[in-house]
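Structure file my_file.tsv with TSV, C-alpha atoms:
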```
chain	number	residue	atom	x	y	z
A	1	MET	CA	-55.89	-66.21	9.86
A	2	GLY	CA	-58.40	-63.36	10.18
A	3	LEU	CA	-55.51	-60.93	10.53
A	4	LEU	CA	-54.60	-61.60	6.89
A	5	TYR	CA	-57.83	-60.30	5.38
A	6	SER	CA	-59.92	-58.70	8.12
A	7	SER	CA	-60.36	-54.95	8.55
A	8	TYR	CA	-61.67	-55.11	12.10
A	9	ILE	CA	-59.72	-57.24	14.58
A	10	LYS	CA	-60.59	-57.20	18.26
A	11	SER	CA	-57.89	-58.05	20.82
A	12	PRO	CA	-55.49	-59.52	18.24
A	13	LYS	CA	-52.88	-62.05	19.34
A	14	ASN	CA	-49.19	-61.95	18.31
A	15	VAL	CA	-49.43	-58.34	17.18
A	16	CYS	CA	-47.23	-55.45	18.24
A	17	PHE	CA	-46.12	-52.16	16.74
A	18	ASP	CA	-43.02	-50.00	16.68
A	19	GLY	CA	-42.69	-48.18	20.01
A	20	GLU	CA	-45.15	-50.32	21.95
A	21	ASP	CA	-44.53	-50.38	25.71
A	22	LYS	CA	-44.20	-53.63	27.66
A	23	ASP	CA	-47.28	-52.92	29.76
A	24	GLU	CA	-49.31	-51.83	26.73
A	25	GLN	CA	-52.02	-53.98	25.20
A	26	VAL	CA	-53.31	-53.79	21.62
A	27	LEU	CA	-57.10	-53.67	21.87
A	28	LEU	CA	-58.20	-53.07	18.31
A	29	VAL	CA	-56.56	-53.20	14.87
A	30	LEU	CA	-58.37	-51.56	11.98
A	31	ARG	CA	-57.68	-51.25	8.29
A	32	ARG	CA	-59.49	-49.74	5.35
A	33	HIS	CA	-62.62	-51.72	4.53
A	34	PHE	CA	-61.84	-54.65	2.23
A	35	ILE	CA	-64.09	-53.24	-0.50
A	36	THR	CA	-61.64	-50.33	-0.90
A	37	ASN	CA	-59.28	-52.90	-2.48
A	38	PHE	CA	-61.67	-53.37	-5.40
A	39	ASN	CA	-59.64	-51.25	-7.87
A	40	TRP	CA	-56.29	-52.98	-7.45
A	41	VAL	CA	-57.90	-56.43	-7.33
A	42	VAL	CA	-59.58	-55.76	-10.70
A	43	VAL	CA	-56.34	-54.35	-12.15
A	44	SER	CA	-54.44	-57.43	-10.89
A	45	ILE	CA	-56.95	-59.79	-12.53
A	46	LEU	CA	-56.62	-57.82	-15.79
A	47	LEU	CA	-52.81	-57.91	-15.59
A	48	PHE	CA	-52.73	-61.68	-15.04
A	49	ASN	CA	-55.10	-62.16	-18.00
A	50	ALA	CA	-53.55	-59.53	-20.27
A	51	PRO	CA	-51.55	-62.04	-22.39
A	52	GLN	CA	-54.75	-63.95	-23.18
A	53	ILE	CA	-56.60	-60.70	-23.91
A	54	ALA	CA	-53.75	-59.54	-26.17
A	55	SER	CA	-53.75	-62.91	-27.98
A	56	PHE	CA	-57.48	-62.56	-28.56
A	57	ILE	CA	-57.03	-59.04	-29.97
A	58	LEU	CA	-54.19	-60.24	-32.22
A	59	ARG	CA	-56.32	-63.15	-33.43
A	60	VAL	CA	-59.24	-60.83	-34.19
A	61	ASN	CA	-56.83	-58.70	-36.23
A	62	GLY	CA	-55.65	-61.67	-38.25
A	63	VAL	CA	-52.40	-62.46	-36.39
A	64	ALA	CA	-52.62	-66.10	-35.35
A	65	THR	CA	-50.06	-66.23	-32.52
A	66	TRP	CA	-47.10	-64.45	-30.89
A	67	GLU	CA	-44.78	-66.19	-33.37
A	68	PHE	CA	-43.65	-62.91	-34.90
A	69	LEU	CA	-41.42	-62.63	-31.80
A	70	PRO	CA	-38.41	-64.95	-31.49
A	71	ILE	CA	-38.95	-67.76	-28.92
A	72	SER	CA	-36.25	-66.39	-26.56
A	73	TYR	CA	-38.01	-63.01	-26.33
A	74	ARG	CA	-41.39	-64.68	-25.84
A	75	THR	CA	-40.00	-66.75	-22.96
A	76	ILE	CA	-38.41	-63.77	-21.20
A	77	LEU	CA	-41.45	-61.54	-21.68
A	78	PHE	CA	-43.73	-64.35	-20.43
A	79	PHE	CA	-41.76	-64.66	-17.15
A	80	PHE	CA	-41.38	-60.89	-16.79
A	81	TRP	CA	-45.08	-60.25	-17.30
A	82	TYR	CA	-46.20	-62.72	-14.62
A	83	LEU	CA	-43.52	-61.51	-12.18
A	84	PHE	CA	-44.63	-57.92	-12.80
A	85	SER	CA	-48.31	-58.86	-12.28
A	86	PHE	CA	-47.43	-60.67	-9.07
A	87	GLY	CA	-45.32	-57.68	-7.95
A	88	TYR	CA	-48.22	-55.29	-8.49
A	89	PHE	CA	-50.61	-57.57	-6.59
A	90	PHE	CA	-48.13	-58.17	-3.75
A	91	VAL	CA	-47.23	-54.50	-3.26
A	92	SER	CA	-50.89	-53.39	-3.37
A	93	PHE	CA	-51.79	-56.03	-0.80
A	94	LEU	CA	-48.87	-55.06	1.47
A	95	ILE	CA	-49.85	-51.37	1.39
A	96	TRP	CA	-53.37	-52.35	2.52
A	97	TYR	CA	-52.17	-54.93	5.06
A	98	PHE	CA	-49.62	-52.70	6.78
A	99	SER	CA	-51.60	-49.44	6.72
A	100	VAL	CA	-53.28	-49.98	10.05
A	101	TYR	CA	-55.02	-48.01	12.76
A	102	ILE	CA	-54.30	-49.32	16.23
A	103	VAL	CA	-56.14	-48.66	19.45
A	104	SER	CA	-54.07	-49.74	22.45
A	105	SER	CA	-54.53	-49.36	26.19
A	106	LYS	CA	-52.39	-46.18	26.04
A	107	ARG	CA	-52.80	-44.56	22.63
A	108	VAL	CA	-54.22	-44.54	19.14
A	109	VAL	CA	-51.77	-45.07	16.29
A	110	ASP	CA	-52.13	-44.35	12.58
A	111	ILE	CA	-49.57	-46.16	10.40
A	112	ASP	CA	-49.95	-45.10	6.81
A	113	PHE	CA	-47.95	-46.42	3.87
A	114	GLN	CA	-48.55	-44.07	0.95
A	115	GLY	CA	-47.33	-45.16	-2.47
A	116	PHE	CA	-45.21	-47.93	-0.95
A	117	THR	CA	-42.03	-45.94	-0.28
A	118	ASN	CA	-43.58	-43.31	2.02
A	119	ARG	CA	-44.44	-44.04	5.62
A	120	ARG	CA	-46.38	-41.84	8.03
A	121	PHE	CA	-46.61	-42.82	11.70
A	122	SER	CA	-48.95	-40.71	13.88
A	123	GLU	CA	-49.96	-41.40	17.43
A	124	ALA	CA	-51.91	-39.72	20.20
A	125	LEU	CA	-52.13	-40.65	23.86
A	126	LEU	CA	-55.63	-41.52	25.03
A	127	THR	CA	-55.31	-38.77	27.65
A	128	ASN	CA	-54.85	-36.22	24.84
A	129	ILE	CA	-57.98	-37.16	22.93
A	130	GLN	CA	-60.46	-34.30	23.00
A	131	ASP	CA	-63.17	-35.11	20.52
A	132	LEU	CA	-64.28	-37.92	18.20
A	133	THR	CA	-66.30	-37.47	15.03
A	134	HIS	CA	-67.24	-40.04	12.43
A	135	THR	CA	-68.63	-39.56	8.95
A	136	ILE	CA	-70.26	-41.96	6.51
A	137	ASN	CA	-70.45	-40.35	3.08
A	138	GLY	CA	-71.54	-41.66	-0.28
A	139	THR	CA	-73.33	-44.68	-1.64
A	140	MET	CA	-70.45	-47.16	-1.25
A	141	GLN	CA	-69.89	-46.24	2.41
A	142	VAL	CA	-73.61	-46.54	3.17
A	143	ILE	CA	-73.96	-49.91	1.40
A	144	PHE	CA	-70.83	-51.48	2.91
A	145	HIS	CA	-71.08	-49.61	6.21
A	146	PHE	CA	-67.70	-47.98	6.49
A	147	GLY	CA	-66.52	-44.42	6.98
A	148	ASN	CA	-63.97	-42.05	8.50
A	149	LEU	CA	-63.25	-41.35	12.15
A	150	PHE	CA	-61.63	-38.04	13.10
A	151	ILE	CA	-59.79	-37.93	16.42
A	152	GLN	CA	-59.11	-34.42	17.71
A	153	THR	CA	-56.23	-34.22	20.15
A	154	ALA	CA	-54.77	-31.64	22.49
A	155	ALA	CA	-51.32	-32.31	21.09
A	156	GLU	CA	-49.53	-30.18	18.52
A	157	LYS	CA	-50.77	-32.41	15.73
A	158	GLN	CA	-54.46	-31.66	15.98
A	159	GLU	CA	-56.13	-34.55	14.25
A	160	ILE	CA	-55.70	-38.24	13.50
A	161	GLU	CA	-57.91	-39.68	10.83
A	162	PHE	CA	-58.95	-43.31	10.56
A	163	GLU	CA	-59.98	-43.56	6.92
A	164	SER	CA	-62.59	-45.93	5.47
A	165	ILE	CA	-62.78	-48.11	8.58
A	166	PRO	CA	-65.64	-50.57	9.04
A	167	ASP	CA	-68.36	-49.58	11.50
A	168	PRO	CA	-66.91	-46.19	12.56
A	169	ALA	CA	-69.72	-45.58	15.07
A	170	SER	CA	-68.79	-48.61	17.14
A	171	VAL	CA	-65.07	-47.72	16.99
A	172	GLN	CA	-65.91	-44.18	18.11
A	173	ASP	CA	-67.90	-45.54	21.04
A	174	PHE	CA	-65.08	-47.94	21.98
A	175	ILE	CA	-62.39	-45.22	21.93
A	176	SER	CA	-64.70	-42.88	23.80
A	177	ASP	CA	-65.22	-45.47	26.56
A	178	ILE	CA	-61.54	-46.32	27.04
A	179	THR	CA	-60.54	-42.63	26.92
A	180	ARG	CA	-63.04	-41.80	29.65
A	181	GLY	CA	-61.67	-44.65	31.78
A	182	VAL	CA	-58.07	-43.44	31.32
A	183	LYS	CA	-58.98	-39.85	32.17
A	184	ILE	CA	-60.98	-40.81	35.28
A	185	ASP	CA	-58.86	-43.50	36.95
A	186	GLY	CA	-55.80	-43.92	34.73
A	187	ALA	CA	-56.90	-47.30	33.34
A	188	PRO	CA	-58.85	-47.89	30.13
A	189	ASP	CA	-62.47	-48.84	30.63
A	190	ILE	CA	-62.41	-51.80	28.22
A	191	LYS	CA	-65.76	-52.94	26.93
A	192	GLU	CA	-66.24	-55.29	24.01
A	193	PRO	CA	-66.55	-53.23	20.83
A	194	LYS	CA	-69.82	-54.00	18.96
B	1	MET	CA	-48.20	-61.40	-39.91
B	2	THR	CA	-45.47	-61.59	-42.53
B	3	SER	CA	-44.56	-57.93	-42.08
B	4	LEU	CA	-44.28	-58.37	-38.30
B	5	VAL	CA	-41.98	-61.38	-38.78
B	6	ASP	CA	-39.86	-59.31	-41.17
B	7	ILE	CA	-39.61	-56.44	-38.70
B	8	PHE	CA	-38.39	-58.72	-35.90
B	9	ALA	CA	-35.96	-60.49	-38.25
B	10	ASN	CA	-34.05	-57.22	-38.62
B	11	PRO	CA	-30.87	-57.42	-36.42
B	12	THR	CA	-31.02	-53.69	-35.54
B	13	ILE	CA	-34.61	-54.00	-34.30
B	14	LEU	CA	-33.67	-57.12	-32.30
B	15	LEU	CA	-30.68	-55.35	-30.73
B	16	ALA	CA	-32.87	-52.39	-29.74
B	17	LEU	CA	-35.45	-54.82	-28.33
B	18	LYS	CA	-32.75	-56.71	-26.41
B	19	ILE	CA	-31.42	-53.50	-24.83
B	20	SER	CA	-34.97	-52.37	-23.98
B	21	VAL	CA	-35.83	-55.70	-22.36
B	22	LEU	CA	-32.60	-55.71	-20.33
B	23	ILE	CA	-33.16	-52.12	-19.14
B	24	LEU	CA	-36.76	-52.98	-18.22
B	25	LEU	CA	-35.64	-56.07	-16.29
B	26	GLY	CA	-32.83	-54.09	-14.62
B	27	ILE	CA	-35.26	-51.42	-13.39
B	28	TYR	CA	-37.68	-54.08	-12.20
B	29	ASN	CA	-34.82	-55.82	-10.40
B	30	ILE	CA	-34.07	-52.63	-8.46
B	31	PHE	CA	-37.78	-52.26	-7.69
B	32	SER	CA	-37.99	-55.84	-6.35
B	33	PHE	CA	-34.99	-55.08	-4.09
B	34	VAL	CA	-36.81	-51.98	-2.80
B	35	VAL	CA	-39.87	-54.17	-2.16
B	36	LEU	CA	-37.78	-56.50	0.00
B	37	LYS	CA	-36.28	-53.60	1.99
B	38	GLN	CA	-39.73	-52.06	2.43
B	39	VAL	CA	-41.22	-55.37	3.63
B	40	VAL	CA	-38.51	-55.52	6.30
B	41	LEU	CA	-39.40	-51.95	7.38
B	42	MET	CA	-43.13	-52.73	7.35
B	43	ASN	CA	-42.57	-55.85	9.47
B	44	LYS	CA	-40.63	-53.76	11.98
B	45	THR	CA	-43.38	-51.12	12.12
B	46	PHE	CA	-46.25	-53.56	12.54
B	47	GLN	CA	-45.24	-57.03	13.67
B	48	THR	CA	-47.57	-59.95	13.03
B	49	SER	CA	-47.22	-63.71	12.64
B	50	TYR	CA	-47.28	-63.29	8.83
B	51	GLY	CA	-44.13	-61.17	8.75
B	52	THR	CA	-41.84	-64.08	7.88
B	53	LEU	CA	-44.17	-65.21	5.09
B	54	PHE	CA	-44.16	-61.74	3.48
B	55	ARG	CA	-40.37	-61.48	3.77
B	56	MET	CA	-39.97	-64.91	2.14
B	57	MET	CA	-42.33	-63.94	-0.69
B	58	ALA	CA	-40.44	-60.69	-1.31
B	59	LEU	CA	-37.14	-62.62	-1.29
B	60	VAL	CA	-38.41	-65.28	-3.71
B	61	HIS	CA	-39.71	-62.46	-5.95
B	62	LEU	CA	-36.29	-60.77	-5.95
B	63	VAL	CA	-34.47	-64.05	-6.68
B	64	ALA	CA	-36.89	-64.88	-9.52
B	65	VAL	CA	-36.49	-61.43	-11.12
B	66	THR	CA	-32.69	-61.69	-10.83
B	67	LEU	CA	-32.74	-65.14	-12.46
B	68	VAL	CA	-34.92	-63.87	-15.32
B	69	PHE	CA	-32.53	-60.92	-15.78
B	70	LEU	CA	-29.50	-63.26	-15.95
B	71	PHE	CA	-31.40	-65.67	-18.21
B	72	ALA	CA	-32.31	-62.77	-20.53
B	73	PHE	CA	-28.68	-61.60	-20.56
B	74	ILE	CA	-27.59	-65.07	-21.69
B	75	ILE	CA	-30.26	-66.10	-24.21
B	76	LEU	CA	-31.21	-62.80	-25.89
```
Turn the structure described in the file into structure tokens.
Amino acid sequence: MGLLYSSYIKSPKNVCFDGEDKDEQVLLVLRRHFITNFNWVVVSILLFNAPQIASFILRVNGVATWEFLPISYRTILFFFWYLFSFGYFFVSFLIWYFSVYIVSSKRVVDIDFQGFTNRRFSEALLTNIQDLTHTINGTMQVIFHFGNLFIQTAAEKQEIEFESIPDPASVQDFISDITRGVKIDGAPDIKEPK
Amino acid sequence: MTSLVDIFANPTILLALKISVLILLGIYNIFSFVVLKQVVLMNKTFQTSYGTLFRMMALVHLVAVTLVFLFAFIIL
């Protein structure tokens, strides 16, 4: 159940990603901190309540009800509005849910869904990781303890960025540990994150 | 109130409104189909135990939008 709403999932079960090898193990799944969903959650609440808000505004302006519209139009617009509100909520949730950062026993993966129809899939082998840097900037990130983690690699694509992840320091330490293990003896040195 | 009722009693205004509503629903119908296709792609990219649930929700959404479109076509 935690997979549905959590931004920090250790050793998740029943999870795999496109291109995962048979002998590969997903160690950590990260998403943007839940607080980053604030904007679309508020917009969704407003959308679902917009008919009531509009009725109130009409009433204040002396129009008693929606009766100026024929009943057939009111019915169709009623269904359309709630389907549209649900669609907005559903799509926003899916973009957050499926935009994940994965740390496996072989690589780090950044799956990014931008604007719903665009997908970016970046990965870097643990053996190619050169440097890890995390930043926590701004009031919101300090209060809710989330930030960005930059992963420098030796590959052609220089950097993978884990954006707005919870507790970036502990994730940095975890990736650093498993990378060292892979580079020394070919197997990740798995310690419990946090 | 009375003026609004008069405006929407005009057959030309109602025809324009009907065409607008049908176009709006048609565009949203295409969007809901794209949502379903995208959910399938997302489920393939990152597979979890909730994949089937999301696919079902996207399918129900598409069916509901299609039904509203057909309903609008009939009753408007």
Chain B contacts on chain A, all atoms listed in the file, 8 Å, as a compact mmCIF listing (two decimals) with C-alpha atoms, keeping the file's coordinate frame:
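Output file out.txt is given in full below:
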```txt
# COMPACT_ATOMS: atom_id res chain seq x y z
CA LEU A 4 -54.60 -61.60 6.89
CA ASN A 14 -49.19 -61.95 18.31
CA VAL A 15 -49.43 -58.34 17.18
CA CYS A 16 -47.23 -55.45 18.24
CA PHE A 17 -46.12 -52.16 16.74
CA ASP A 18 -43.02 -50.00 16.68
CA GLY A 62 -55.65 -61.67 -38.25
CA VAL A 63 -52.40 -62.46 -36.39
CA ALA A 64 -52.62 -66.10 -35.35
CA GLU A 67 -44.78 -66.19 -33.37
CA PHE A 68 -43.65 -62.91 -34.90
CA LEU A 69 -41.42 -62.63 -31.80
CA PRO A 70 -38.41 -64.95 -31.49
CA SER A 72 -36.25 -66.39 -26.56
CA TYR A 73 -38.01 -63.01 -26.33
CA ILE A 76 -38.41 -63.77 -21.20
CA PHE A 79 -41.76 -64.66 -17.15
CA PHE A 80 -41.38 -60.89 -16.79
CA LEU A 83 -43.52 -61.51 -12.18
CA PHE A 84 -44.63 -57.92 -12.80
CA GLY A 87 -45.32 -57.68 -7.95
CA VAL A 91 -47.23 -54.50 -3.26
CA LEU A 94 -48.87 -55.06 1.47
CA PHE A 98 -49.62 -52.70 6.78
CA PHE A 116 -45.21 -47.93 -0.95
CA THR A 117 -42.03 -45.94 -0.28
```
Please provide the set of residues having any atom within 12 Å of segment 146-151 of chain A, restricted to all atoms listed in the file, with same-chain residues fewer than 5 positions apart removed, written as a PyMOL selection string. chain A and resi 7-8+30-36+101+103+107-110+122-126+128-141+157-176+179
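What separates atom CA of Val43 of chain A from atom CA of Ile19 of chain B is a distance of 28.0 Å.
The coordinates place atom CA of Leu36 of chain B at 20.3 Å from atom CA of Trp40 of chain A.
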Atom CA of Leu67 of chain B to atom CA of Ile27 of chain B, straight-line distance in Å: 14.0 Å
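Nearest residue to Leu53 of chain B, choosing from A:Phe90, A:Leu28, A:Thr153, A:Gly2 and counting all atoms listed in the file: A:Phe90.
Closest approach to Pro51 of chain A among A:Ile71, A:Val26, A:Ala154, A:Leu77 is made by A:Leu77 (distances from only C-alpha atoms).
Closest approach to Glu20 of chain A from the set A:Ile178, A:Ser105, A:Phe93, A:Trp66 is made by A:Ser105, with distances taken over only C-alpha atoms.
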What are the centre and edge lengths in Å, to one decimal, of the axis-aligned box around all listed atoms of segment 27-46 of chain B with 5 Å added on each side, as JSON?
```
{"center_x": -40.2, "center_y": -53.8, "center_z": -0.4, "size_x": 22.2, "size_y": 15.4, "size_z": 35.9}
```
